[in-house]
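The file model_22.txt comes next; it holds compact mmCIF, C-alpha atoms.
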# COMPACT_ATOMS: atom_id res chain seq x y z
CA MET A 102 0.00 0.00 0.00
CA THR A 103 1.11 3.54 -0.72
CA ARG A 104 -0.09 6.62 1.15
CA ILE A 105 -1.35 9.40 -1.13
CA SER A 106 -2.49 12.90 -0.25
CA LEU A 107 -4.30 15.12 -2.70
CA THR A 108 -7.10 17.65 -3.01
CA VAL A 109 -10.39 16.46 -4.44
CA ASP A 110 -13.16 18.98 -5.13
CA GLY A 111 -11.54 21.41 -2.72
CA ALA A 112 -11.12 18.97 0.17
CA SER A 113 -7.81 17.50 1.33
CA VAL A 114 -7.83 13.71 1.36
CA SER A 115 -5.24 11.18 2.43
CA GLU A 116 -5.65 7.43 1.84
CA ASP A 117 -3.67 4.20 1.59
CA VAL A 118 -4.02 2.71 -1.88
CA GLU A 119 -2.62 -0.17 -3.87
CA PRO A 120 -0.32 1.24 -6.56
CA ARG A 121 -2.45 -0.46 -9.21
CA MET A 122 -5.61 1.39 -8.18
CA LEU A 123 -6.91 3.64 -10.96
CA LEU A 124 -7.83 7.23 -10.19
CA VAL A 125 -11.47 6.58 -11.13
CA GLN A 126 -11.65 3.66 -8.67
CA PHE A 127 -10.11 5.85 -6.00
CA LEU A 128 -12.72 8.55 -6.56
CA ARG A 129 -15.65 6.14 -6.63
CA GLU A 130 -14.66 3.43 -4.17
CA LYS A 131 -12.48 5.25 -1.63
CA LEU A 132 -14.20 8.64 -1.68
CA GLY A 133 -17.71 7.63 -2.78
CA LYS A 134 -17.69 10.18 -5.58
CA THR A 135 -19.80 8.12 -7.95
CA GLY A 136 -20.66 11.12 -10.11
CA THR A 137 -17.60 10.18 -12.14
CA VAL A 138 -18.54 7.04 -14.05
CA VAL A 139 -16.67 4.22 -15.77
CA GLY A 140 -17.86 3.85 -19.34
CA CYS A 141 -15.65 1.78 -21.60
CA ASP A 142 -12.76 1.03 -19.22
CA THR A 143 -10.40 1.22 -22.21
CA SER A 144 -9.63 4.97 -22.19
CA ASN A 145 -11.73 5.54 -25.29
CA CYS A 146 -15.10 6.92 -24.22
CA GLY A 147 -14.21 9.81 -21.91
CA ALA A 148 -17.12 9.23 -19.49
CA CYS A 149 -14.63 9.20 -16.59
CA THR A 150 -13.09 12.60 -17.48
CA VAL A 151 -12.00 14.72 -14.50
CA HIS A 152 -9.59 17.63 -14.17
CA LEU A 153 -6.12 16.88 -12.82
CA ASP A 154 -4.24 20.06 -11.91
CA GLY A 155 -6.58 22.04 -14.13
CA HIS A 156 -6.50 19.86 -17.24
CA SER A 157 -8.91 17.18 -18.39
CA VAL A 158 -7.77 13.56 -18.13
CA LYS A 159 -9.44 10.17 -18.42
CA SER A 160 -9.41 8.98 -14.82
CA CYS A 161 -9.52 5.31 -15.86
CA ASN A 162 -6.13 5.91 -17.48
CA VAL A 163 -4.32 7.47 -14.53
CA LEU A 164 -3.06 5.62 -11.45
CA ALA A 165 -4.25 7.07 -8.15
CA VAL A 166 -0.61 7.20 -7.01
CA GLN A 167 0.19 9.42 -9.99
CA ALA A 168 -2.23 12.00 -8.56
CA GLU A 169 -0.21 12.33 -5.33
CA GLY A 170 0.00 16.01 -4.39
CA SER A 171 -2.37 17.04 -7.18
CA GLU A 172 -5.66 18.85 -7.32
CA VAL A 173 -8.56 16.87 -8.77
CA THR A 174 -11.91 18.33 -9.77
CA THR A 175 -14.80 16.01 -10.56
CA ILE A 176 -18.30 16.69 -11.83
CA GLU A 177 -19.32 16.85 -8.15
CA GLY A 178 -17.04 19.82 -7.55
CA LEU A 179 -18.31 22.10 -10.32
CA ALA A 180 -21.40 23.63 -8.69
CA ARG A 181 -20.85 26.54 -6.30
CA ASP A 182 -23.15 27.30 -3.37
CA GLY A 183 -26.00 25.29 -4.84
CA GLU A 184 -25.68 27.04 -8.23
CA LEU A 185 -24.93 24.87 -11.23
CA HIS A 186 -21.77 25.66 -13.19
CA PRO A 187 -22.69 27.55 -16.40
CA VAL A 188 -21.82 24.47 -18.49
CA GLN A 189 -24.02 22.25 -16.31
CA GLN A 190 -26.82 24.83 -16.61
CA ALA A 191 -26.42 24.92 -20.40
CA PHE A 192 -26.55 21.10 -20.64
CA HIS A 193 -29.77 21.25 -18.63
CA GLU A 194 -31.34 24.01 -20.74
CA CYS A 195 -30.36 22.49 -24.08
CA HIS A 196 -31.34 18.97 -23.01
CA ALA A 197 -27.84 17.87 -23.96
CA LEU A 198 -28.36 14.30 -22.83
CA GLN A 199 -30.44 11.27 -23.56
CA CYS A 200 -29.45 8.41 -21.24
CA GLY A 201 -27.06 10.73 -19.41
CA TYR A 202 -24.21 8.29 -18.93
CA CYS A 203 -21.65 10.28 -20.93
CA THR A 204 -22.78 13.58 -19.36
CA PRO A 205 -20.28 13.93 -16.46
CA GLY A 206 -17.37 13.41 -18.84
CA MET A 207 -18.91 15.59 -21.57
CA ILE A 208 -19.35 18.45 -19.10
CA MET A 209 -15.83 18.14 -17.66
CA GLN A 210 -14.30 18.10 -21.16
CA SER A 211 -16.51 21.02 -22.25
CA VAL A 212 -15.31 23.07 -19.26
CA ASP A 213 -11.70 22.27 -20.20
CA LEU A 214 -12.35 23.17 -23.83
CA LEU A 215 -13.87 26.54 -22.87
CA ASN A 216 -10.97 27.27 -20.49
CA ASP A 217 -8.59 27.00 -23.47
CA ASN A 218 -10.90 28.51 -26.06
CA PRO A 219 -13.76 30.63 -24.64
CA LYS A 220 -15.45 31.19 -28.03
CA PRO A 221 -15.02 27.96 -30.01
CA THR A 222 -16.55 27.44 -33.43
CA GLU A 223 -18.89 24.50 -33.94
CA GLU A 224 -16.03 22.60 -35.59
CA GLU A 225 -13.70 23.36 -32.69
CA ILE A 226 -16.33 22.09 -30.24
CA ARG A 227 -16.75 18.84 -32.17
CA VAL A 228 -12.98 18.31 -32.39
CA GLY A 229 -12.51 19.33 -28.76
CA LEU A 230 -15.00 16.68 -27.65
CA GLU A 231 -13.65 13.93 -29.92
CA GLY A 232 -12.44 11.97 -26.91
CA ASN A 233 -15.94 11.72 -25.49
CA LEU A 234 -18.42 9.27 -26.95
CA CYS A 235 -22.21 9.45 -26.65
CA ARG A 236 -23.72 6.05 -27.36
CA CYS A 237 -27.13 7.72 -27.81
CA THR A 238 -25.43 9.82 -30.54
CA GLY A 239 -26.95 12.94 -28.99
CA TYR A 240 -24.12 15.15 -30.17
CA HIS A 241 -26.15 18.01 -31.66
CA ASN A 242 -27.60 19.17 -28.35
CA ILE A 243 -24.25 18.74 -26.65
CA VAL A 244 -22.68 21.10 -29.20
CA ARG A 245 -25.58 23.53 -28.67
CA ALA A 246 -25.03 23.41 -24.92
CA VAL A 247 -21.34 24.31 -25.32
CA GLN A 248 -22.30 27.14 -27.69
CA THR A 249 -24.86 28.36 -25.12
CA ALA A 250 -22.38 28.15 -22.24
CA SER A 251 -19.90 30.21 -24.25
CA GLY A 252 -22.52 32.92 -24.82
CA GLN A 253 -22.64 32.31 -28.55
CA GLU A 254 -25.53 31.94 -30.90
CA VAL A 255 -26.74 28.39 -31.11
CA ASN A 256 -26.46 26.61 -34.44
CA ALA A 257 -30.05 26.02 -35.54
CA SER A 258 -29.37 23.09 -37.88
CA MET B 78 -10.19 -4.25 -15.62
CA ILE B 79 -7.41 -3.30 -13.28
CA PRO B 80 -3.71 -4.05 -13.61
CA ALA B 81 -2.02 -6.94 -11.83
CA GLN B 82 -0.15 -6.08 -8.63
CA PHE B 83 3.16 -4.28 -8.97
CA GLU B 84 5.65 -2.39 -6.84
CA TYR B 85 5.62 1.33 -7.52
CA ALA B 86 8.46 3.83 -7.26
CA ALA B 87 8.46 7.52 -8.15
CA PRO B 88 12.08 8.69 -8.24
CA THR B 89 12.72 12.43 -8.29
CA SER B 90 16.13 12.29 -9.96
CA LEU B 91 17.57 10.65 -13.05
CA GLU B 92 20.24 8.94 -10.94
CA GLU B 93 17.61 7.39 -8.70
CA ALA B 94 15.61 6.20 -11.72
CA LEU B 95 18.69 4.62 -13.32
CA ALA B 96 19.55 2.87 -10.04
CA LEU B 97 16.06 1.38 -9.92
CA LEU B 98 16.41 0.23 -13.54
CA ALA B 99 19.80 -1.33 -12.76
CA GLU B 100 18.26 -3.22 -9.87
CA HIS B 101 15.05 -4.42 -11.53
CA GLY B 102 16.04 -4.57 -15.19
CA ASP B 103 13.62 -6.61 -17.28
CA GLU B 104 11.07 -6.92 -14.45
CA ALA B 105 10.36 -3.19 -14.63
CA LYS B 106 8.36 -0.92 -16.91
CA VAL B 107 8.90 2.80 -17.02
CA ILE B 108 5.75 4.93 -16.83
CA ALA B 109 5.63 8.61 -17.79
CA GLY B 110 2.11 9.79 -18.69
CA GLY B 111 0.98 6.17 -18.90
CA GLN B 112 -1.44 6.71 -21.76
CA SER B 113 -0.06 3.76 -23.73
CA LEU B 114 1.16 1.67 -20.80
CA LEU B 115 -1.94 1.72 -18.60
CA PRO B 116 -4.26 0.19 -21.23
CA VAL B 117 -1.64 -2.55 -21.69
CA LEU B 118 -1.48 -3.20 -17.94
CA ARG B 119 -5.26 -3.09 -17.54
CA MET B 120 -5.76 -5.63 -20.31
CA ARG B 121 -3.04 -7.71 -18.60
CA LEU B 122 -1.08 -7.86 -21.83
CA ASN B 123 1.90 -7.11 -19.62
CA ALA B 124 2.33 -7.56 -15.88
CA PRO B 125 5.63 -6.02 -14.75
CA GLU B 126 6.71 -6.59 -11.14
CA HIS B 127 7.92 -3.00 -10.89
CA VAL B 128 6.57 0.23 -12.34
CA ILE B 129 8.98 3.15 -12.24
CA ASP B 130 7.26 6.52 -12.59
CA ILE B 131 9.58 9.12 -14.13
CA GLY B 132 6.87 11.81 -14.10
CA ARG B 133 8.35 13.48 -11.01
CA ILE B 134 11.83 14.07 -12.43
CA GLU B 135 11.81 17.81 -13.13
CA GLY B 136 14.76 17.85 -15.54
CA LEU B 137 13.03 15.60 -18.09
CA ARG B 138 10.29 18.10 -18.88
CA GLY B 139 10.25 21.16 -21.12
CA ILE B 140 11.24 22.47 -24.53
CA ARG B 141 14.31 24.59 -25.22
CA GLU B 142 16.38 25.92 -28.09
CA ASP B 143 19.96 24.69 -28.45
CA GLY B 144 21.81 26.03 -31.48
CA ASP B 145 20.56 24.30 -34.63
CA ALA B 146 18.08 22.15 -32.74
CA ILE B 147 15.13 22.35 -30.43
CA VAL B 148 15.27 19.93 -27.53
CA ILE B 149 12.12 18.29 -26.18
CA GLY B 150 12.34 16.68 -22.73
CA ALA B 151 11.10 13.09 -22.67
CA THR B 152 8.19 13.73 -20.28
CA THR B 153 6.95 16.87 -22.04
CA THR B 154 3.25 16.33 -22.70
CA HIS B 155 1.73 16.26 -26.17
CA ALA B 156 -0.43 19.24 -25.12
CA THR B 157 2.74 21.26 -24.45
CA VAL B 158 4.27 20.26 -27.80
CA LEU B 159 1.01 21.23 -29.54
CA THR B 160 1.05 24.82 -28.27
CA ASP B 161 4.80 25.46 -28.06
CA PRO B 162 5.92 28.40 -30.23
CA LEU B 163 9.46 27.02 -30.73
CA VAL B 164 8.07 23.76 -32.09
CA ALA B 165 5.64 25.64 -34.35
CA GLU B 166 8.46 27.79 -35.75
CA HIS B 167 11.20 25.21 -36.18
CA ALA B 168 9.44 21.84 -36.43
CA ALA B 169 5.96 22.60 -37.73
CA LEU B 170 5.55 18.96 -38.74
CA LEU B 171 5.33 17.99 -35.05
CA THR B 172 2.69 20.64 -34.36
CA LYS B 173 0.64 19.40 -37.32
CA ALA B 174 0.97 15.74 -36.32
CA VAL B 175 0.38 16.04 -32.58
CA HIS B 176 -2.89 17.82 -33.28
CA HIS B 177 -4.13 14.48 -34.64
CA LEU B 178 -2.78 12.34 -31.80
CA ALA B 179 -5.59 10.70 -29.79
CA ASP B 180 -7.74 13.34 -28.05
CA ALA B 181 -7.39 16.32 -25.71
CA GLN B 182 -7.48 14.27 -22.49
CA ILE B 183 -4.81 11.84 -23.72
CA ARG B 184 -2.64 14.75 -24.94
CA HIS B 185 -2.79 16.31 -21.47
CA ARG B 186 -1.20 13.19 -19.91
CA GLY B 187 0.68 11.42 -22.69
CA THR B 188 4.31 12.37 -23.26
CA PHE B 189 6.43 12.95 -26.35
CA GLY B 190 9.23 10.68 -25.16
CA GLY B 191 6.82 8.05 -23.90
CA ALA B 192 5.05 7.77 -27.24
CA LEU B 193 8.38 7.42 -29.07
CA ALA B 194 9.81 4.91 -26.58
CA HIS B 195 6.58 2.87 -26.81
CA ALA B 196 7.34 2.60 -30.55
CA ASP B 197 3.90 1.61 -31.74
CA PRO B 198 4.24 1.61 -35.54
CA ALA B 199 0.73 3.12 -35.66
CA GLY B 200 1.71 5.89 -33.23
CA ASP B 201 1.53 9.41 -34.61
CA MET B 202 4.89 10.73 -33.38
CA GLY B 203 7.29 8.21 -34.96
CA ALA B 204 7.00 9.18 -38.63
CA PRO B 205 7.34 12.95 -37.97
CA ALA B 206 10.34 12.37 -35.68
CA LEU B 207 11.93 10.17 -38.35
CA ALA B 208 11.20 12.64 -41.14
CA LEU B 209 12.74 15.48 -39.12
CA GLY B 210 15.90 13.47 -38.40
CA ALA B 211 15.36 13.46 -34.63
CA GLU B 212 18.23 12.45 -32.35
CA PHE B 213 17.44 10.49 -29.21
CA VAL B 214 19.48 11.19 -26.07
CA ILE B 215 19.64 8.10 -23.87
CA ALA B 216 21.01 8.06 -20.31
CA GLU B 217 23.21 5.05 -19.59
CA GLN B 218 24.28 3.42 -16.35
CA GLY B 219 27.30 5.17 -14.87
CA GLY B 220 26.24 8.72 -15.65
CA GLY B 221 26.98 8.82 -19.38
CA THR B 222 24.65 9.49 -22.29
CA ARG B 223 24.60 8.38 -25.90
CA THR B 224 22.78 9.85 -28.86
CA VAL B 225 21.01 7.63 -31.36
CA GLY B 226 19.83 8.89 -34.74
CA ALA B 227 16.23 8.35 -35.83
CA ASP B 228 17.29 5.78 -38.45
CA ASP B 229 18.71 3.53 -35.70
CA PHE B 230 16.25 4.29 -32.89
CA PHE B 231 13.25 2.32 -34.11
CA VAL B 232 14.31 -1.34 -34.14
CA ASP B 233 11.08 -3.32 -34.51
CA LEU B 234 7.47 -3.53 -33.34
CA PHE B 235 7.42 -1.83 -29.87
CA GLU B 236 11.21 -2.09 -29.78
CA THR B 237 13.75 0.75 -29.73
CA ALA B 238 17.48 1.19 -29.17
CA ILE B 239 16.85 2.01 -25.49
CA GLY B 240 18.37 -0.72 -23.29
CA GLU B 241 16.55 -2.27 -20.33
CA ASP B 242 18.64 -0.31 -17.83
CA GLU B 243 18.62 2.94 -19.83
CA LEU B 244 16.27 5.89 -20.06
CA LEU B 245 15.31 8.24 -22.89
CA THR B 246 15.88 11.74 -21.49
CA GLU B 247 15.34 14.11 -24.43
CA VAL B 248 14.87 14.30 -28.16
CA ARG B 249 16.78 16.78 -30.32
CA ILE B 250 14.96 17.96 -33.41
CA PRO B 251 17.13 19.69 -36.03
CA LYS B 252 15.53 23.01 -36.92
CA HIS B 253 13.47 23.01 -40.09
CA THR B 254 12.66 26.71 -39.96
CA GLY B 255 10.47 27.88 -42.81
CA TRP B 256 9.73 24.37 -44.07
CA GLY B 257 6.14 23.63 -45.05
CA ALA B 258 4.59 20.71 -43.20
CA HIS B 259 1.52 18.50 -43.17
CA TYR B 260 0.38 15.29 -41.46
CA GLU B 261 -2.25 13.39 -43.42
CA LYS B 262 -3.93 10.75 -41.26
CA PHE B 263 -6.48 8.27 -42.52
CA VAL B 264 -8.94 6.91 -39.96
CA ARG B 265 -12.51 5.64 -39.96
CA VAL B 266 -13.57 7.11 -36.62
CA ALA B 267 -12.40 9.91 -34.32
CA HIS B 268 -9.32 9.57 -32.09
CA GLN B 269 -8.27 6.28 -33.66
CA TRP B 270 -4.79 5.08 -34.52
CA PRO B 271 -4.10 5.75 -38.20
CA ILE B 272 -4.79 3.01 -40.70
CA VAL B 273 -1.99 4.79 -42.57
CA ALA B 274 -0.64 8.30 -42.10
CA VAL B 275 1.97 10.35 -43.94
CA ALA B 276 4.17 13.06 -42.44
CA ALA B 277 5.63 15.43 -45.03
CA THR B 278 7.84 18.47 -44.62
CA LEU B 279 9.60 20.31 -47.40
CA LYS B 280 11.46 23.40 -48.45
CA ALA B 281 10.40 25.16 -51.62
CA GLU B 282 11.92 28.11 -53.48
CA GLY B 283 10.05 29.86 -56.27
CA GLY B 284 7.60 26.98 -56.60
CA THR B 285 10.35 24.35 -56.81
CA ILE B 286 10.85 21.75 -54.09
CA THR B 287 14.49 21.88 -52.99
CA GLU B 288 14.35 19.38 -50.10
CA ALA B 289 11.67 16.99 -48.91
CA ARG B 290 11.25 14.53 -46.03
CA VAL B 291 8.40 12.04 -45.97
CA GLY B 292 7.65 9.66 -43.09
CA LEU B 293 5.11 6.82 -43.11
CA THR B 294 3.00 5.65 -40.15
CA ASN B 295 1.78 2.04 -39.91
CA MET B 296 3.41 0.84 -43.14
CA GLY B 297 5.69 -1.68 -41.42
CA SER B 298 6.93 -2.75 -38.01
CA THR B 299 8.54 0.67 -37.49
CA PRO B 300 7.96 4.17 -38.83
CA LEU B 301 9.54 4.43 -42.29
CA ARG B 302 10.99 7.07 -44.58
CA ALA B 303 9.65 7.19 -48.14
CA ARG B 304 13.11 7.86 -49.55
CA ALA B 305 12.18 7.21 -53.18
CA VAL B 306 9.50 9.90 -52.91
CA GLU B 307 11.91 12.32 -51.24
CA GLN B 308 14.46 11.85 -54.04
CA SER B 309 11.88 12.17 -56.81
CA LEU B 310 10.44 15.36 -55.32
CA THR B 311 13.77 17.16 -55.11
CA GLY B 312 14.02 19.71 -57.92
CA GLN B 313 10.43 19.19 -59.00
CA PRO B 314 7.79 21.91 -59.24
CA ALA B 315 5.20 21.70 -56.46
CA THR B 316 2.42 20.93 -58.90
CA GLU B 317 -0.22 18.24 -58.63
CA ASP B 318 1.12 16.28 -61.63
CA ALA B 319 4.75 16.31 -60.49
CA VAL B 320 3.84 15.41 -56.91
CA ARG B 321 1.47 12.67 -58.04
CA ALA B 322 4.20 11.10 -60.15
CA ALA B 323 6.75 11.25 -57.32
CA CYS B 324 4.33 9.77 -54.79
CA GLU B 325 3.66 6.68 -56.90
CA ALA B 326 6.76 5.25 -55.18
CA ALA B 327 5.50 5.90 -51.63
CA ALA B 328 5.02 2.22 -50.75
CA GLU B 329 8.41 1.14 -52.11
CA GLY B 330 10.28 -0.94 -49.53
CA THR B 331 7.38 -1.03 -47.06
CA ASN B 332 5.83 -4.07 -45.40
CA PRO B 333 2.41 -2.94 -44.19
CA PRO B 334 0.20 -5.11 -41.96
CA SER B 335 -3.12 -6.66 -43.01
CA ASP B 336 -5.96 -6.38 -40.51
CA LEU B 337 -9.68 -5.64 -40.24
CA ASN B 338 -9.08 -2.06 -41.39
CA GLY B 339 -7.51 -3.12 -44.65
CA ASP B 340 -5.05 -5.48 -46.25
CA ALA B 341 -1.46 -4.69 -47.16
CA ASP B 342 -2.26 -3.80 -50.79
CA TYR B 343 -4.93 -1.36 -49.64
CA ARG B 344 -2.39 0.27 -47.33
CA ARG B 345 0.16 0.52 -50.17
CA HIS B 346 -2.46 2.31 -52.24
CA LEU B 347 -3.31 4.59 -49.32
CA ALA B 348 0.34 5.48 -48.89
CA THR B 349 0.54 6.86 -52.43
CA VAL B 350 -2.70 8.86 -52.12
CA LEU B 351 -1.95 10.21 -48.64
CA SER B 352 1.62 11.10 -49.64
CA ARG B 353 0.33 13.17 -52.54
CA ARG B 354 -2.12 14.98 -50.27
CA ALA B 355 0.47 15.52 -47.55
CA VAL B 356 3.14 16.84 -49.92
CA LEU B 357 0.76 19.19 -51.73
CA ALA B 358 -0.56 20.54 -48.42
CA ALA B 359 3.00 20.95 -47.10
CA ALA B 360 3.97 22.83 -50.28
CA ALA B 361 0.98 25.13 -49.82
CA GLY B 362 2.25 26.19 -46.38
Take the structure in the file and give it back as C-alpha cells.
Amino acid sequence: MTRISLTVDGASVSEDVEPRMLLVQFLREKLGKTGTVVGCDTSNCGACTVHLDGHSVKSCNVLAVQAEGSEVTTIEGLARDGELHPVQQAFHECHALQCGYCTPGMIMQSVDLLNDNPKPTEEEIRVGLEGNLCRCTGYHNIVRAVQTASGQEVNAS
Amino acid sequence: MIPAQFEYAAPTSLEEALALLAEHGDEAKVIAGGQSLLPVLRMRLNAPEHVIDIGRIEGLRGIREDGDAIVIGATTTHATVLTDPLVAEHAALLTKAVHHLADAQIRHRGTFGGALAHADPAGDMGAPALALGAEFVIAEQGGGTRTVGADDFFVDLFETAIGEDELLTEVRIPKHTGWGAHYEKFVRVAHQWPIVAVAATLKAEGGTITEARVGLTNMGSTPLRARAVEQSLTGQPATEDAVRAACEAAAEGTNPPSDLNGDADYRRHLATVLSRRAVLAAAAG
C-alpha cells in the first residue's frame, strides 16, 4: 500500500491505496464520488473525465498514485453554493443528454475546452469533444449546450 | 479491468531512476504519462513486477532551443508540444501531427518521449520524428549518455534502441525553420490510430521543391521514410502532376500489416494517395 495525499473537489484527502488502483476507482470506491462514471474502461469513451491540476484527463487511465499532491476536480465539484456551473446549466437548458451516462465526462471536457478557447466554433467544439463518446449519438444538443455556455448563438441546424 | 499487482516507485532524480532500472532490469516498466502503458497493464497484456514513474523528475520536462536544434524533454506532454511556439516555428511537422494524436485528455497526460519509446508503428509521433531526423538522447548506467539517430532508434514492433537499464531523457529535433509541413492521417472514426498516415515536410523556393522529407506511419513494423518519394520530389515543381508522379513510389520498400481495417495492398495504395495529399498541403504552407 502507498499513502497518497491530494485535493479532491476542494477537500484535502489522504488514503492508503494499492499502486495499481486507478484514479477513477479511487474517486468512486475510496471517496464515494460516484458522479464520475466508468464507461468503456479502455480509455476511449471519456465518461470518466476529471480535471487533474486544471487539465482534463481520463481517470480510468491514470493511477491514483500518480495524482499524489495534485488537485482533482470532478463533476461533483463544479457547482458553487448550490448554483450549477454555467456548463451544467447549459446542458440542462439544451437537453444535452439522452441516457445521461456520458454527461459527467462531456461536461468536464466542455469546461476544459472553454478554459482553453472561450469562443469555439462549432467545428472546434466537435474536435474538442472527440475523446468523449455518446452512445445515444446525442451530439447536436451537446454542441448547442457548449455554444450556449460560451454565450454564442446556437447553431439552428 | 485493473492491472495486476506491482511495486511502484516515483524517483525524483535521473540517478535514482537509473539505479532502480539497474536493480530491476527486465522486471520493470517505465511509466511517464501512462497513456499507452496503462491500457496494456489493464488488459493484462503485460504484468511487470515493478513500475517506475519518471513523471516526477523535473529535468526531463520542457522544450528549449539549443543552437541548430530544439530539444524536447522526454516527459513533455503532447499538449505542451502542440502549443509550443518554438516547435511551431522550427518543427511545424510535429505541431501538425500532434494535433491528430488521440484526443485532448490523452494529450494532457501522454508524453512525447513516452510515445516514441513505446514505438507503436501506428503511433503518430514516430514518422514525424523520423522525417525530421530526430536524435534520441539516452542516459546510460554510470552517468553517461549516448545519442542515437532516428534511423537507428526504431528497431522493430514496440522495440527501440533504449536498453533495459537505460532511459530516454530528451529528443533533439534539427531546426526546419520555414519548411512547409503536413500530417495526413487516414482513420474511420475519431481519435483512432491511423490506418496509414503520412508526415511530409519540405522546403520550396520559387515553386520548386528543394528538399523533402516524408515519413510513413503504420506501413511496417517501425515508422519508415519514403526515400524514393523524397528523391523524386527534389528539384520538382510543387504541382499536382509532379507530386502525383513522385508519390507513386510511396510504398516502395514497405511491409504494411493486413488487418480488419484493410489489407497490405490497400495500405500501399493509401500510402501513395496520402503522400500526394500531404506533400501538396506541405507545399501550400
Give me the chain B side of the contact with chain A, cut-off 9 Å, one line per residue showing its nearest atom pair and distance in Å at one decimal, counting only C-alpha atoms, sorted by chain and residue number, as a tab-separated table.
residue	atom	partner	partner_atom	distance
B:Met78	CA	A:Asp142	CA	6.9
B:Ile79	CA	A:Arg121	CA	7.0
B:Pro80	CA	A:Arg121	CA	5.8
B:Ala81	CA	A:Arg121	CA	7.0
B:Gln82	CA	A:Arg121	CA	6.1
B:Phe83	CA	A:Arg121	CA	6.8
B:Glu84	CA	A:Pro120	CA	7.0
B:Tyr85	CA	A:Pro120	CA	6.0
B:Ala87	CA	A:Gln167	CA	8.7
B:Gly110	CA	A:Val163	CA	8.0
B:Gly111	CA	A:Val163	CA	7.0
B:Gln112	CA	A:Asn162	CA	6.4
B:Ser113	CA	A:Asn162	CA	9.0
B:Leu115	CA	A:Asn162	CA	6.0
B:Pro116	CA	A:Thr143	CA	6.3
B:Arg119	CA	A:Thr143	CA	8.2
B:Met120	CA	A:Thr143	CA	8.5
B:Asp130	CA	A:Gln167	CA	8.1
B:Gly132	CA	A:Gln167	CA	8.2
B:Ala179	CA	A:Gly232	CA	7.5
B:Asp180	CA	A:Gly232	CA	5.0
B:Ala181	CA	A:Gly229	CA	6.7
B:Gln182	CA	A:Val158	CA	4.4
B:Ile183	CA	A:Val158	CA	6.6
B:Arg184	CA	A:Val158	CA	8.6
B:His185	CA	A:Val158	CA	6.6
B:Arg186	CA	A:Val158	CA	6.8
B:Ala267	CA	A:Glu231	CA	6.1
B:His268	CA	A:Gly232	CA	6.5
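For the pair atom CA of B:Pro88 and atom CA of B:Val128, the separation is 10.9 Å.
Between atom CA of B:Gly297 and atom CA of B:Leu347 the interatomic distance comes to 13.5 Å.
Here atom CA of B:Thr311 is placed at a distance of 5.2 Å from atom CA of B:Thr287.
With distances restricted to all atoms listed in the file, B:His195 is the closest residue to B:Val117 from B:Leu310, B:His195, B:Ile129, B:Asp201.
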Practice task
For A:Glu254, work out the shell of residues within 12 Å, counting only C-alpha atoms and skipping chain neighbours fewer than 3 positions away, then give it as an NGL selection string.
Solution key: :A and (220-223 or 244-251 or 257-258)
Exercise for the section: Around the point (-23.6, 22.2, -24.5) in the file's coordinates, collect all residues with an atom within 10 Å, using all atoms listed in the file, and return them as a ChimeraX atom specification. Expected result: /A:187-198,207-208,211-212,226,240-251,255
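If you measure from each of A:Gly136, A:Ser171, A:Glu116, A:Gly155 to A:Cys203 using only C-alpha atoms, the closest one turns out to be A:Gly136.
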